[in-house]
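Since the structure comes first, as structure tokens, the remarks are kept for the end.
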2 protein chains.
Amino acid sequence: MAERAALEELVKLQGERVRGLKQQKASAELIEEEVAKLLKLKAQLGPDESKQKFVLKTPKGTRDYSPRQMAVREKVFDVIIRCFKRHGAEVIDTPVFELKETLMGKYGEDSKLIYDLKDQGGELLSLRYDLTVPFARYLAMNKLTNIKRYHIAKDFDIAGNFDPMIPDAECLKIMCEILSSLQIGDFLVKVNDRRILDGMFAICGVSDSKFRTICSSVDKLDKVSWEEVKNEMVGEKGLAPEVADRIGDYVQQHGGVSLVEQLLQDPKLSQSKQALEGLGDLKLLFEYLTLFGIDDKISFDLSLARGLDYYTGVIYEAVLLQTPAQAGEEPLGVGSVAAGGRYDGLVGMFDPKGRKVPCVGLSIGVERIFSIVEQRLEALEEKVRTTETQVLVASAQKKLLEERLKLVSELWDAGIKAELLYKKNPKLLNQLQYCEEAGIPLVAIIGEQELKDGVIKLRSVTSREEVDVRREDLVEEIKRRTGQPLCIC
Amino acid sequence: MAERAALEELVKLQGERVRGLKQQKASAELIEEEVAKLLKLKAQLGPDESKQKFVLKTPKGTRDYSPRQMAVREKVFDVIIRCFKRHGAEVIDTPVFELKETLMGKYGEDSKLIYDLKDQGGELLSLRYDLTVPFARYLAMNKLTNIKRYHIAKDFDIAGNFDPMIPDAECLKIMCEILSSLQIGDFLVKVNDRRILDGMFAICGVSDSKFRTICSSVDKLDKVSWEEVKNEMVGEKGLAPEVADRIGDYVQQHGGVSLVEQLLQDPKLSQSKQALEGLGDLKLLFEYLTLFGIDDKISFDLSLARGLDYYTGVIYEAVLLQTPAQAGEEPLGVGSVAAGGRYDGLVGMFDPKGRKVPCVGLSIGVERIFSIVEQRLEALEEKVRTTETQVLVASAQKKLLEERLKLVSELWDAGIKAELLYKKNPKLLNQLQYCEEAGIPLVAIIGEQELKDGVIKLRSVTSREEVDVRREDLVEEIKRRTGQPLCIC
């Protein structure tokens, strides 16, 4: 018993060690080693008959959505999808999991966050990590060379060989349209380019092998100070202090197209062909963004790096501008609400002949946006309906269930959104209360006398006014009051 | 080398063996044994450096949806969701995977079809298999005692303690409304009850332990003959032939409410309290279905069994009625397009105190329905648009990219669905052809002379008629022609 308790304690500690290593993004080999140790310990523990405790929860990192939260989510998705459609995007869908081979080697440091499916003797599978790699797989598989598509209400991409920067500019226009329509506050879109970053690192003296790891330090500048970033690069990643200082001169700069023009003249940076290419494209991009009327929302920011390996050109990230915390409201963190960039090499990784299909796209941070919108609605104390029911079919006396069933069926067949209580003899008061709680605007009340007279009593829940309507006119009257067209949709 | 080839052959054969066992629904223990053998063999093979062949595909059993297929899917989902909303359902969402414990022991024989996630030292997870068990988990977790909800555009459930059969009848009404609206042909809804099945097996002499397995033989009667089913029950499952014959007398019957009434009088069946309960509820159900106007679509069918363990009362399944194969059309298989039933015990399995929440629901077989609708559209050779773009912004001469960018941006800001080609100097002919292929109805053509005159040439793609519209009137003219309301939505 004591032995078992000691073993359980070891398992718990080892589990914490593994979690810690994952959080710190330790190397994949180290994590695998420690996981193997954990599994060995767990195997020693064996099945525990005394452990009947069953935990009622969703997996770590996932959540349910209640009807109220779904109502918010649907509003947000509606804005996003309207925008994608307004820009002429088609829509595709891909499976929730892919062959493990498809996802391997595409995500760099983020690879350890991928969920694998258990090897059950068949194909090795993994849950998809984003929608971009599946999209590239889809293009290569179907030998498509151009498409403009959205996926769920999150991702929008333009694939194809086109004249430079026009699709890239449209992606930024879309991002700005969506964030404005959502009314979540002022925002800023930071823009940079992988070629400028790589060119800058090269002329500062960073060795090729350190590019990605220095990149990921620089990316932290939106959250921590330059001193901390410099310490990480010099202290942990072995960068020479003078190289770090040179980097610091560049990455702390941000501005508009004038900064682009200034850097095009920079004596050191203009020695890098890569950086010049990137700067040239950004200059063109800014021209298009001005024609699109969004240049005031864009900031060329040399510290923007973005984690994913597959970006090859322009990269961008939209952040909300912090507003002072209002009474009762949690201060908004600094975090991105949308991001994206150009990735010209990804499809070629899938094509057997390595044929490239240039792509540029964006992803909306829907989870973050839900939280923000939910917070705002709560602060405003706005009541959100979770159903669209227009009329409750109710009865004033007992033994009228059959009549209610007949009438509600007539209303459904006429396309009207209607409900009834699942009780044989509900009290009128309970039925009216149900309407108030659910926000149902009308009640169609059946009564014995009214049945004889061939009428239904139509009651407005808010005004409490009642009027007798002839049965044959009821559908039209309800549609008139709820603003519905007279034909069935 | 030869040794390796022999080993690869063994792996291949063992893999086929495992697949075969899964298809035949062999016992879980046998499958696990053979999978373990397979994994051992694969481990011996080790990593194969010569095997560079990367297969570009989706996992077995999954598929992508192209824009055309998505257009069909969206139409189908739209019909389904309208119906759910018409009946006052709220909507929830749950994660794509659950704790393995949540799903264990809920699916009976279907359990082996569940995908587990790899044990990576954290929680043990599995991909969700249906939406019903997650729903029950959600109810228990949130201590909800009543809700009417839909999930994605597939599942609809009513949870709560209500007067008998009213929610059950509404589920059947919903199923009929959806299948009628989809216009996929004539259909029939078979109805039965677990209590009638179990009562019938008992009075026929089936031992309790054989109930589920005999049930699953009986369920095959919609696909194979009674002789084959009898052979399986007697030959493979060890049922006495005379017991099988007694079952045969019942399960080959189907009809309307008159069959219910006849069985209520059946000397043997009426000895089973369970069966009488089930028959009584079905009688009540038929009364309500008649009031809902759908009794002509319902058939009480004693051979309907349904696989899932968690049903406790009424069960139902909608099938399309086979039409003779028309020229060029594949004959429709006999298969269900929707199904469901009552499951009063499932939530109690999650609640720590075992508190029950009665539930009844339905699931729409969306994949099957997509195939059918896709087939029909192809037969009709109906062109399905994959975008909703209303106008292409085009240029008649070179060096007009800036003007196009400005104009398309104005249109987007006014809520109009517009596109432009991503080329600096596209030919007018190519732009017009793009519209024809994509089904875009209007072209807004910018020309040098027109710019000086302050007009845009608006061209109808189908009629080829062109008219000059003043720039400030363009938005309104496009909205008028495309039937859009004048305010921005």
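We name chains A, B, ... following the order of the structure tokens; residues begin at 1 in each chain, and ligands are numbered from 1 as shown.
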task: Excluding Gln253 (chain B) and any residue of its chain fewer than 6 positions from it, enumerate the residues within 8 Å of it, using only C-alpha atoms, and give them as an MDAnalysis selection string.
output: chainID B and resid 301:303
Taking only residues of region 95-194 of chain B that have an atom at most 10 Å from an atom of region 120-141 of chain A, what is each one's shortest atom pair and its distance in Å to one decimal, using only C-alpha atoms, in chain and number order, as JSON lines?
```
{"residue": "B:Val96", "atom": "CA", "partner": "A:Leu127", "partner_atom": "CA", "distance": 9.7}
{"residue": "B:Phe97", "atom": "CA", "partner": "A:Leu127", "partner_atom": "CA", "distance": 9.9}
{"residue": "B:Tyr115", "atom": "CA", "partner": "A:Gln120", "partner_atom": "CA", "distance": 8.5}
{"residue": "B:Asp116", "atom": "CA", "partner": "A:Gln120", "partner_atom": "CA", "distance": 8.5}
{"residue": "B:Leu117", "atom": "CA", "partner": "A:Ser126", "partner_atom": "CA", "distance": 8.4}
{"residue": "B:Lys118", "atom": "CA", "partner": "A:Ser126", "partner_atom": "CA", "distance": 9.2}
{"residue": "B:Leu127", "atom": "CA", "partner": "A:Leu127", "partner_atom": "CA", "distance": 9.5}
```
Write out, as a PDB file, in the first residue's frame, the residues just selected, with C-alpha atoms.
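Generated file (out.pdb):
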```
ATOM      1  CA  VAL B  96     -13.442  17.146 -31.284  1.00  0.00           C
ATOM      2  CA  PHE B  97     -11.839  14.811 -28.733  1.00  0.00           C
ATOM      3  CA  TYR B 115      -9.777   6.473 -32.571  1.00  0.00           C
ATOM      4  CA  ASP B 116      -7.581   6.885 -29.504  1.00  0.00           C
ATOM      5  CA  LEU B 117      -4.948   9.592 -29.307  1.00  0.00           C
ATOM      6  CA  LYS B 118      -1.412   8.468 -28.533  1.00  0.00           C
ATOM      7  CA  LEU B 127     -11.743  11.336 -30.924  1.00  0.00           C
TER       8      LEU B 127
END
```
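The list of residues with at least one atom within 10 Å of Asn430 (chain A), based on only C-alpha atoms and without residues fewer than 5 positions apart in the same chain, reads Ala394, Leu421, Cys435 and Glu436 of chain A.
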Now that the selection is made, can you save its residues with N, CA, C and O atoms as a compact mmCIF listing (two decimals), in the first residue's frame?
```txt
# COMPACT_ATOMS: atom_id res chain seq x y z
N ALA A 394 -49.91 28.02 -26.96
CA ALA A 394 -50.28 27.77 -25.57
C ALA A 394 -51.77 27.44 -25.44
O ALA A 394 -52.54 27.64 -26.38
N LEU A 421 -45.08 23.78 -24.95
CA LEU A 421 -44.53 23.10 -23.79
C LEU A 421 -44.88 21.61 -23.89
O LEU A 421 -45.97 21.26 -24.34
N CYS A 435 -42.09 32.18 -22.17
CA CYS A 435 -41.85 33.14 -23.25
C CYS A 435 -40.97 34.29 -22.78
O CYS A 435 -40.07 34.72 -23.49
N GLU A 436 -41.23 34.77 -21.58
CA GLU A 436 -40.43 35.90 -21.09
C GLU A 436 -38.97 35.50 -20.93
O GLU A 436 -38.08 36.25 -21.32
```
- prompt: DSSP says strand (DSSP E) for which residues of region 233-358 of chain B? Put them as a PyMOL selection string?
  reply: chain B and resi 254-255+298-301+314-320+336-342
Taking N, CA, C and O atoms for each residue, export the selection above as a compact mmCIF listing (two decimals), in the first residue's frame.
```
# COMPACT_ATOMS: atom_id res chain seq x y z
N HIS B 254 -44.72 -5.54 -40.16
CA HIS B 254 -44.66 -4.08 -40.08
C HIS B 254 -46.01 -3.53 -40.51
O HIS B 254 -46.73 -4.17 -41.29
N GLY B 255 -46.33 -2.35 -39.99
CA GLY B 255 -47.64 -1.77 -40.33
C GLY B 255 -47.85 -0.47 -39.60
O GLY B 255 -46.90 0.16 -39.15
N ILE B 298 -44.92 6.92 -41.54
CA ILE B 298 -44.37 6.12 -40.44
C ILE B 298 -44.78 4.66 -40.55
O ILE B 298 -45.95 4.36 -40.82
N SER B 299 -43.83 3.75 -40.31
CA SER B 299 -44.14 2.33 -40.32
C SER B 299 -43.58 1.69 -39.05
O SER B 299 -42.40 1.76 -38.77
N PHE B 300 -44.47 1.05 -38.29
CA PHE B 300 -44.05 0.31 -37.10
C PHE B 300 -43.44 -0.99 -37.59
O PHE B 300 -44.12 -1.83 -38.18
N ASP B 301 -42.13 -1.16 -37.42
CA ASP B 301 -41.40 -2.27 -38.02
C ASP B 301 -40.66 -3.05 -36.94
O ASP B 301 -39.69 -2.57 -36.38
N VAL B 314 -38.26 4.30 -27.59
CA VAL B 314 -38.57 4.33 -29.03
C VAL B 314 -37.28 4.50 -29.83
O VAL B 314 -36.35 5.18 -29.39
N ILE B 315 -37.21 3.81 -30.97
CA ILE B 315 -36.09 3.97 -31.90
C ILE B 315 -36.67 4.15 -33.29
O ILE B 315 -37.74 3.62 -33.59
N TYR B 316 -35.96 4.91 -34.15
CA TYR B 316 -36.50 5.13 -35.49
C TYR B 316 -35.38 5.32 -36.50
O TYR B 316 -34.26 5.69 -36.15
N GLU B 317 -35.72 5.06 -37.74
CA GLU B 317 -34.75 5.13 -38.81
C GLU B 317 -35.48 5.47 -40.10
O GLU B 317 -36.48 4.82 -40.43
N ALA B 318 -34.97 6.49 -40.81
CA ALA B 318 -35.61 6.89 -42.07
C ALA B 318 -34.83 6.30 -43.23
O ALA B 318 -33.60 6.40 -43.27
N VAL B 319 -35.52 5.69 -44.17
CA VAL B 319 -34.88 5.15 -45.37
C VAL B 319 -35.54 5.72 -46.61
O VAL B 319 -36.73 6.04 -46.61
N LEU B 320 -34.73 5.86 -47.66
CA LEU B 320 -35.30 6.31 -48.92
C LEU B 320 -35.94 5.12 -49.60
O LEU B 320 -35.40 4.02 -49.56
N SER B 336 -30.02 3.97 -44.31
CA SER B 336 -30.76 5.01 -43.61
C SER B 336 -30.17 6.37 -43.90
O SER B 336 -28.97 6.52 -44.12
N VAL B 337 -31.02 7.39 -43.91
CA VAL B 337 -30.59 8.76 -44.12
C VAL B 337 -30.75 9.59 -42.84
O VAL B 337 -30.32 10.73 -42.77
N ALA B 338 -31.41 9.01 -41.83
CA ALA B 338 -31.54 9.68 -40.54
C ALA B 338 -31.98 8.64 -39.53
O ALA B 338 -32.59 7.64 -39.91
N ALA B 339 -31.68 8.83 -38.28
CA ALA B 339 -32.08 7.85 -37.27
C ALA B 339 -32.00 8.47 -35.88
O ALA B 339 -31.46 9.56 -35.70
N GLY B 340 -32.56 7.74 -34.90
CA GLY B 340 -32.48 8.26 -33.53
C GLY B 340 -33.31 7.43 -32.59
O GLY B 340 -33.70 6.30 -32.91
N GLY B 341 -33.57 7.98 -31.42
CA GLY B 341 -34.37 7.27 -30.44
C GLY B 341 -34.27 7.87 -29.06
O GLY B 341 -33.64 8.92 -28.87
N ARG B 342 -34.87 7.18 -28.11
CA ARG B 342 -34.87 7.66 -26.73
C ARG B 342 -33.77 6.97 -25.94
O ARG B 342 -33.59 5.75 -26.06
```
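Closest approach to chain A among B:Arg464, B:His151, B:Arg459, B:Lys237 is made by B:His151 (distances from only C-alpha atoms).
Taking only C-alpha atoms into account, Ser460 (chain B) lies nearest to B:Val391 out of the set B:Lys423, B:Lys383, B:Lys173, B:Val391.
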field: For CA of Gly361 (chain A) and CA of Val408 (chain B), the interatomic separation in Å (one decimal)
entry: 19.2 Å
query: Which residues, written as a PyMOL selection string, have at least one atom at most 8 Å from Pro67 (chain A), with only C-alpha atoms counted and residues fewer than 2 positions away on the same chain left out?
result: (chain A and resi 65+69-71+386) or (chain B and resi 90-92)
Could the residues in this selection be saved with N, CA and C atoms as a PDB file, in the first residue's frame?
```
ATOM      1  N   TYR A  65     -19.052  24.967 -25.688  1.00  0.00           N
ATOM      2  CA  TYR A  65     -19.691  26.256 -25.904  1.00  0.00           C
ATOM      3  C   TYR A  65     -21.157  26.127 -25.535  1.00  0.00           C
ATOM      4  N   GLN A  69     -22.892  31.252 -25.462  1.00  0.00           N
ATOM      5  CA  GLN A  69     -21.584  31.455 -26.096  1.00  0.00           C
ATOM      6  C   GLN A  69     -21.654  31.178 -27.587  1.00  0.00           C
ATOM      7  N   MET A  70     -22.476  30.211 -27.975  1.00  0.00           N
ATOM      8  CA  MET A  70     -22.647  29.917 -29.398  1.00  0.00           C
ATOM      9  C   MET A  70     -23.322  31.087 -30.115  1.00  0.00           C
ATOM     10  N   ALA A  71     -24.246  31.754 -29.432  1.00  0.00           N
ATOM     11  CA  ALA A  71     -24.925  32.883 -30.058  1.00  0.00           C
ATOM     12  C   ALA A  71     -23.893  33.961 -30.396  1.00  0.00           C
ATOM     13  N   THR A 386     -31.006  32.902 -27.316  1.00  0.00           N
ATOM     14  CA  THR A 386     -30.334  31.678 -27.771  1.00  0.00           C
ATOM     15  C   THR A 386     -31.208  30.857 -28.709  1.00  0.00           C
TER      16      THR A 386
ATOM     17  N   GLU B  90     -31.746  25.412 -29.248  1.00  0.00           N
ATOM     18  CA  GLU B  90     -30.513  26.165 -29.015  1.00  0.00           C
ATOM     19  C   GLU B  90     -29.384  25.357 -29.653  1.00  0.00           C
ATOM     20  N   VAL B  91     -28.189  25.938 -29.698  1.00  0.00           N
ATOM     21  CA  VAL B  91     -27.079  25.187 -30.276  1.00  0.00           C
ATOM     22  C   VAL B  91     -25.910  25.160 -29.300  1.00  0.00           C
ATOM     23  N   ILE B  92     -25.206  24.023 -29.214  1.00  0.00           N
ATOM     24  CA  ILE B  92     -23.991  23.947 -28.399  1.00  0.00           C
ATOM     25  C   ILE B  92     -22.862  23.378 -29.249  1.00  0.00           C
TER      26      ILE B  92
END
```
